[in-house]
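Student: Questions regarding the structure given below will be posed in turn.
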2 protein chains.
Amino acid sequence: MYSQPVDTRDKLIESTRELLWERGYVGTSPKAIQALSGVGQGSMYHHFSGKPELALAALRRSAELLRAEAERSLLGPGTAVERVTGYLRREREVLRGCRIGRMAQDPEVIADPQLRAPLAETFDWLRETITTVLAEGRSRGEVAPDLVPETTAATVLAVVQGGYVLARSADSAEPFRQAVDGLIALISR
Amino acid sequence: MYSQPVDTRDKLIESTRELLWERGYVGTSPKAIQALSGVGQGSMYHHFSGKPELALAALRRSAELLRAEAERSLLGPGTAVERVTGYLRREREVLRGCRIGRMAQDPEVIADPQLRAPLAETFDWLRETITTVLAEGRSRGEVAPDLVPETTAATVLAVVQGGYVLARSADSAEPFRQAVDGLIALISR
DNA sequence: GTCTATATTTGGATAGAC
DNA sequence: GTCTATCCAAATATAGAC
């Protein structure tokens with residue numbers, strides 16, 4: 001989930017990604033993006049029309065990287081439960097939260113269909129992917145037959161997103177781990 | 001979860017509560033609070049030293065009300081699973097999210113121990129309360145014996161908080177309901 | 001307690017030179 | 001493509017009168 005900026009556009013997008021993650025849309029100013037990226041005012045407005053366009057490019061890239069990262073655990077080797085467990089337990093910067101889920105709190109993002117789209121698409125894709133993993137696992141007998149793949153997939157996603165909220169509130173990664181452990185115990189029986 | 005403002009301080013706190021819910025800490029300006037409450041500049045700064053103090057009063061009140069609301073389902077009648085299910089399915093303004101959990105995304109709230117305290121305390125109390133409900137239910141045979149009360153309680157909280165994130169991202173309450181349904185199925189067997 | 005005036009900084013750009 | 005100058009509104013107060 002990291003890429004070294006090579007050109008000016010890239011530097012702007014990477015800096016915007018970091019600031020959106022840390023401070024959200026309303027908390028991210030063009031000036032801060034310029035300062036972090038080292039790109040000047042004129043240059044920034046040459047490459048992007050303004051803050052919304054920058055944010056859109058940043059969110060699209062974050063969504064793409066998040067998806068690639070999730071594929072590594074979900075579409076890798078192992079049984080269904082192992083793959084979902086791997087996804088839940090993969091290394092995360094728990095106290096920083098999710099680059100995508102974070103934006104769901106920003107009213108200006110949620111109100112703008114263009115800006116909201118990467119969020120909706122990312123979670124849709126994740127839910128479908130996890131649903132498929134669980135459904136296949138069930139047909140192979142790796143997963144309890146009474147477990148409903150689609151709703152369980154939504155539960156998995158919610159635990160991750162909610163785990164971040166609990167962790168940040170507690171200023172500790174512990175609640176995230178507890179929530180994940182509780183879920184893994186529930187789906188493993 | 002509603003109270004009619006009676007005096008000036010109350011009007012300010014209620015308006016701040018609404019704005020913090022809708023726009024977060026960084027997105028809430030003193031001017032907006034004055035406009036919504038109908039209280040003038042001078043009056044506002046007479047009652048509160050500034051935005052942090054207003055936010056603190058608002059968060060404390062929201063935490064108190066949220067706790068009272070949660071007690072209604074968690075400490076009411078019914079088996080352990082019924083009470084947790086009641087908590088999960090109680091009426092919520094899903095697309096508006098949680099007044100408390102919402103603030104976990106605000107770096108200025110998380111960085112300030114005073115402002116973060118209501119969040120940490122609320123989730124600690126909820127986790128402990130749900131843990132107790134599940135532990136008692138287990139000892140009564142209402143809950144599967146292999147279900148760990150503490151981690152499961154964290155999972156319950158995370159599903160609610162994460163459900164809000166998924167719902168707002170999708171601009172639909174459906175993912176919240178799916179996540180909750182998935183969890184209820186998991187703890188009911 | 002409340003009002004109006006004033007002040008400083010930041011947000012988010014546009015304009016035009018190089 | 002990039003730089004510097006300029007602009008106007010909003011954020012977040014403080015001061016002093018009533």
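Starting from 1 in every chain, residues are counted up; chains themselves are A, B, ... following the order of the structure tokens, and ligands are numbered from 1 as listed.
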Fewer than 6 positions away in the same chain doesn't count, so skip those; otherwise give me all residues within 12 Å of DT10 (chain C), counting only C-alpha atoms (C1' of nucleotides), as number ranges by chain.

Tutor: A: 27-32; D: 9-12

Student: For a quick test of understanding: name the residues of chain C lying within 12 Å of chain B when counting only C-alpha atoms (C1' of nucleotides), and present them as a PDB file with all heavy atoms, in the first residue's frame.

Tutor:
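Written out: part01.pdb:
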ATOM      1  P    DG C   1     -26.107  35.302  34.396  1.00  0.00           P
ATOM      2  OP1  DG C   1     -26.652  34.241  35.052  1.00  0.00           O
ATOM      3  OP2  DG C   1     -25.201  36.274  34.714  1.00  0.00           O
ATOM      4  O5'  DG C   1     -26.420  35.295  32.837  1.00  0.00           O
ATOM      5  C5'  DG C   1     -25.595  36.132  32.085  1.00  0.00           C
ATOM      6  C4'  DG C   1     -26.461  36.853  31.072  1.00  0.00           C
ATOM      7  O4'  DG C   1     -26.146  38.251  31.057  1.00  0.00           O
ATOM      8  C3'  DG C   1     -26.209  36.326  29.675  1.00  0.00           C
ATOM      9  O3'  DG C   1     -27.400  36.537  28.952  1.00  0.00           O
ATOM     10  C2'  DG C   1     -25.099  37.250  29.189  1.00  0.00           C
ATOM     11  C1'  DG C   1     -25.482  38.567  29.840  1.00  0.00           C
ATOM     12  N9   DG C   1     -24.356  39.448  30.179  1.00  0.00           N
ATOM     13  C8   DG C   1     -23.237  39.174  30.906  1.00  0.00           C
ATOM     14  N7   DG C   1     -22.421  40.194  31.022  1.00  0.00           N
ATOM     15  C5   DG C   1     -23.055  41.206  30.308  1.00  0.00           C
ATOM     16  C6   DG C   1     -22.659  42.542  30.051  1.00  0.00           C
ATOM     17  O6   DG C   1     -21.636  43.126  30.423  1.00  0.00           O
ATOM     18  N1   DG C   1     -23.603  43.220  29.276  1.00  0.00           N
ATOM     19  C2   DG C   1     -24.785  42.665  28.821  1.00  0.00           C
ATOM     20  N2   DG C   1     -25.572  43.448  28.093  1.00  0.00           N
ATOM     21  N3   DG C   1     -25.161  41.424  29.050  1.00  0.00           N
ATOM     22  C4   DG C   1     -24.248  40.746  29.785  1.00  0.00           C
ATOM     23  P    DT C   2     -27.646  35.785  27.548  1.00  0.00           P
ATOM     24  OP1  DT C   2     -29.091  35.446  27.468  1.00  0.00           O
ATOM     25  OP2  DT C   2     -26.614  34.756  27.409  1.00  0.00           O
ATOM     26  O5'  DT C   2     -27.377  36.955  26.496  1.00  0.00           O
ATOM     27  C5'  DT C   2     -28.209  38.109  26.522  1.00  0.00           C
ATOM     28  C4'  DT C   2     -27.643  39.191  25.615  1.00  0.00           C
ATOM     29  O4'  DT C   2     -26.502  39.831  26.242  1.00  0.00           O
ATOM     30  C3'  DT C   2     -27.141  38.693  24.249  1.00  0.00           C
ATOM     31  O3'  DT C   2     -27.970  39.269  23.241  1.00  0.00           O
ATOM     32  C2'  DT C   2     -25.694  39.170  24.177  1.00  0.00           C
ATOM     33  C1'  DT C   2     -25.660  40.291  25.216  1.00  0.00           C
ATOM     34  N1   DT C   2     -24.319  40.533  25.832  1.00  0.00           N
ATOM     35  C2   DT C   2     -23.772  41.792  25.766  1.00  0.00           C
ATOM     36  O2   DT C   2     -24.312  42.743  25.232  1.00  0.00           O
ATOM     37  N3   DT C   2     -22.529  41.910  26.343  1.00  0.00           N
ATOM     38  C4   DT C   2     -21.809  40.913  26.980  1.00  0.00           C
ATOM     39  O4   DT C   2     -20.709  41.145  27.466  1.00  0.00           O
ATOM     40  C5   DT C   2     -22.440  39.607  27.011  1.00  0.00           C
ATOM     41  C7   DT C   2     -21.746  38.443  27.662  1.00  0.00           C
ATOM     42  C6   DT C   2     -23.657  39.479  26.440  1.00  0.00           C
ATOM     43  P    DC C   3     -27.561  39.175  21.672  1.00  0.00           P
ATOM     44  OP1  DC C   3     -28.814  39.178  20.873  1.00  0.00           O
ATOM     45  OP2  DC C   3     -26.591  38.069  21.505  1.00  0.00           O
ATOM     46  O5'  DC C   3     -26.802  40.569  21.418  1.00  0.00           O
ATOM     47  C5'  DC C   3     -27.438  41.804  21.762  1.00  0.00           C
ATOM     48  C4'  DC C   3     -26.638  42.968  21.190  1.00  0.00           C
ATOM     49  O4'  DC C   3     -25.486  43.196  22.044  1.00  0.00           O
ATOM     50  C3'  DC C   3     -26.091  42.659  19.788  1.00  0.00           C
ATOM     51  O3'  DC C   3     -26.431  43.664  18.830  1.00  0.00           O
ATOM     52  C2'  DC C   3     -24.596  42.569  19.952  1.00  0.00           C
ATOM     53  C1'  DC C   3     -24.313  43.249  21.264  1.00  0.00           C
ATOM     54  N1   DC C   3     -23.252  42.485  22.003  1.00  0.00           N
ATOM     55  C2   DC C   3     -22.090  43.140  22.428  1.00  0.00           C
ATOM     56  O2   DC C   3     -21.966  44.352  22.209  1.00  0.00           O
ATOM     57  N3   DC C   3     -21.127  42.423  23.068  1.00  0.00           N
ATOM     58  C4   DC C   3     -21.295  41.117  23.292  1.00  0.00           C
ATOM     59  N4   DC C   3     -20.325  40.461  23.930  1.00  0.00           N
ATOM     60  C5   DC C   3     -22.483  40.438  22.863  1.00  0.00           C
ATOM     61  C6   DC C   3     -23.419  41.144  22.236  1.00  0.00           C
ATOM     62  P    DT C   4     -25.925  43.382  17.282  1.00  0.00           P
ATOM     63  OP1  DT C   4     -27.058  43.784  16.416  1.00  0.00           O
ATOM     64  OP2  DT C   4     -25.325  42.039  17.153  1.00  0.00           O
ATOM     65  O5'  DT C   4     -24.730  44.429  17.104  1.00  0.00           O
ATOM     66  C5'  DT C   4     -24.737  45.691  17.767  1.00  0.00           C
ATOM     67  C4'  DT C   4     -23.371  46.330  17.557  1.00  0.00           C
ATOM     68  O4'  DT C   4     -22.412  45.731  18.471  1.00  0.00           O
ATOM     69  C3'  DT C   4     -22.798  46.135  16.147  1.00  0.00           C
ATOM     70  O3'  DT C   4     -22.186  47.350  15.724  1.00  0.00           O
ATOM     71  C2'  DT C   4     -21.795  44.999  16.321  1.00  0.00           C
ATOM     72  C1'  DT C   4     -21.304  45.233  17.745  1.00  0.00           C
ATOM     73  N1   DT C   4     -20.830  44.014  18.463  1.00  0.00           N
ATOM     74  C2   DT C   4     -19.654  44.082  19.180  1.00  0.00           C
ATOM     75  O2   DT C   4     -18.980  45.078  19.267  1.00  0.00           O
ATOM     76  N3   DT C   4     -19.306  42.908  19.811  1.00  0.00           N
ATOM     77  C4   DT C   4     -20.002  41.707  19.798  1.00  0.00           C
ATOM     78  O4   DT C   4     -19.578  40.730  20.407  1.00  0.00           O
ATOM     79  C5   DT C   4     -21.218  41.713  19.014  1.00  0.00           C
ATOM     80  C7   DT C   4     -22.025  40.463  18.931  1.00  0.00           C
ATOM     81  C6   DT C   4     -21.573  42.848  18.390  1.00  0.00           C
ATOM     82  P    DA C   5     -21.419  47.449  14.277  1.00  0.00           P
ATOM     83  OP1  DA C   5     -21.796  48.734  13.673  1.00  0.00           O
ATOM     84  OP2  DA C   5     -21.625  46.188  13.524  1.00  0.00           O
ATOM     85  O5'  DA C   5     -19.886  47.512  14.713  1.00  0.00           O
ATOM     86  C5'  DA C   5     -19.496  48.278  15.851  1.00  0.00           C
ATOM     87  C4'  DA C   5     -17.983  48.185  16.030  1.00  0.00           C
ATOM     88  O4'  DA C   5     -17.648  46.985  16.786  1.00  0.00           O
ATOM     89  C3'  DA C   5     -17.204  48.092  14.719  1.00  0.00           C
ATOM     90  O3'  DA C   5     -16.056  48.930  14.819  1.00  0.00           O
ATOM     91  C2'  DA C   5     -16.859  46.609  14.600  1.00  0.00           C
ATOM     92  C1'  DA C   5     -16.723  46.199  16.053  1.00  0.00           C
ATOM     93  N9   DA C   5     -17.045  44.792  16.333  1.00  0.00           N
ATOM     94  C8   DA C   5     -18.143  44.088  15.905  1.00  0.00           C
ATOM     95  N7   DA C   5     -18.181  42.838  16.317  1.00  0.00           N
ATOM     96  C5   DA C   5     -17.026  42.718  17.073  1.00  0.00           C
ATOM     97  C6   DA C   5     -16.478  41.643  17.795  1.00  0.00           C
ATOM     98  N6   DA C   5     -17.039  40.428  17.863  1.00  0.00           N
ATOM     99  N1   DA C   5     -15.296  41.857  18.436  1.00  0.00           N
ATOM    100  C2   DA C   5     -14.735  43.077  18.374  1.00  0.00           C
ATOM    101  N3   DA C   5     -15.156  44.166  17.735  1.00  0.00           N
ATOM    102  C4   DA C   5     -16.318  43.908  17.103  1.00  0.00           C
TER     103       DA C   5
END

Student: Pick the closest to chain A from D:DC18, D:DC8, D:DC3, D:DA13: which is it, counting only C-alpha atoms (C1' of nucleotides)?

Tutor: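 The answer is D:DC3, which sits nearest to chain A.
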
Student: Which of these residues is nearest to chain B, using only C-alpha atoms: A:Gly101, A:Gly86, A:Gly137, A:Pro77?

Tutor: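 The shortest atom-to-atom distance to chain B comes from A:Gly101.
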
Student: Pick out the residues sitting within 10 Å of Arg177 (chain B), and hand them over as a PyMOL selection string; count only C-alpha atoms (C1' of nucleotides), and ignore anything fewer than 2 positions along from it in its own chain.

Tutor: (chain A and resi 151+154-155) or (chain B and resi 88-89+94+160+163-164+167+172-175+179-183)

Student: Need the shell around DC7 (chain D): protein/DNA/RNA residues with any atom at most 12 Å away, counting only C-alpha atoms (C1' of nucleotides). Skip same-chain ones fewer than 5 positions apart. Format as a ChimeraX atom specification?

Tutor: /C:12-15

Student: Would you save the residues of that selection, restricted to C-alpha atoms (C1' of nucleotides), as a PDB file, in the first residue's frame?

Tutor:
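File produced: result.pdb:
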ATOM      1  C1'  DG C  12      -9.446  28.060  -1.648  1.00  0.00           C
ATOM      2  C1'  DA C  13      -8.704  30.126  -5.493  1.00  0.00           C
ATOM      3  C1'  DT C  14      -7.594  33.432  -9.868  1.00  0.00           C
ATOM      4  C1'  DA C  15      -4.236  36.338 -12.720  1.00  0.00           C
TER       5       DA C  15
END

Student: Please compute the CA of Glu22 (chain B)-CA of Arg102 (chain B) distance, one decimal, in Å.

Tutor: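 Going from CA of Glu22 (chain B) over to CA of Arg102 (chain B) covers 9.1 Å.
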
Student: Just the number, please: distance in Å from CA of Thr132 (chain B) to CA of Glu150 (chain B), one decimal.

Tutor: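 Separation of CA of Thr132 (chain B) and CA of Glu150 (chain B): 8.3 Å.
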
Student: Could you make a table, as a Markdown table, of the residues of chain D that have an atom within 10 Å of an atom of chain A, each with its nearest atom pair and distance in Å to one decimal, counting only C-alpha atoms (C1' of nucleotides), in chain and number order?

Tutor:
| residue | atom | partner | partner_atom | distance |
| --- | --- | --- | --- | --- |
| D:DG1 | C1' | A:Ser43 | CA | 6.5 |
| D:DT2 | C1' | A:Ser43 | CA | 5.4 |
| D:DC3 | C1' | A:Gly42 | CA | 6.7 |
| D:DT4 | C1' | A:Gly42 | CA | 9.0 |

Student: Enter the distance from CA of Val156 (chain A) to CA of Ala144 (chain A), in Å, rounded to one decimal.

Tutor: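 Those two atoms sit 15.6 Å apart.
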
Student: As a ChimeraX atom specification, please: every residue in region 92-167 of chain A that DSSP puts in helix (DSSP H, G or I).

Tutor: /A:101-105,107-111,113-139,149-167

Student: Give me the residues near Ser37 (chain A) as a PyMOL selection string, where near means some atom within 10 Å (using only C-alpha atoms (C1' of nucleotides)) and where sequence neighbours in that chain fewer than 6 positions away do not count.

Tutor: chain A and resi 5+8-16+31+44

Student: Go ahead and write the selection's residues with C-alpha atoms as a tab-separated table (two decimals), in the first residue's frame.

Tutor:
chain	number	residue	atom	x	y	z
A	5	PRO	CA	5.89	9.49	-6.28
A	8	THR	CA	4.48	16.14	-9.97
A	9	ARG	CA	0.99	14.75	-10.39
A	10	ASP	CA	2.01	11.70	-8.43
A	11	LYS	CA	3.49	13.75	-5.61
A	12	LEU	CA	0.24	15.68	-5.34
A	13	ILE	CA	-1.86	12.54	-5.29
A	14	GLU	CA	0.31	10.83	-2.69
A	15	SER	CA	0.29	13.89	-0.45
A	16	THR	CA	-3.45	14.22	-0.79
A	31	LYS	CA	-2.12	24.74	1.10
A	44	MET	CA	-0.88	22.40	-8.30

Student: When you count only C-alpha atoms, which of these residues is closest to chain B: A:Ala68, A:Leu19, A:Ala35, A:Val81?

Tutor: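 Closest residue, counting only C-alpha atoms: A:Leu19.
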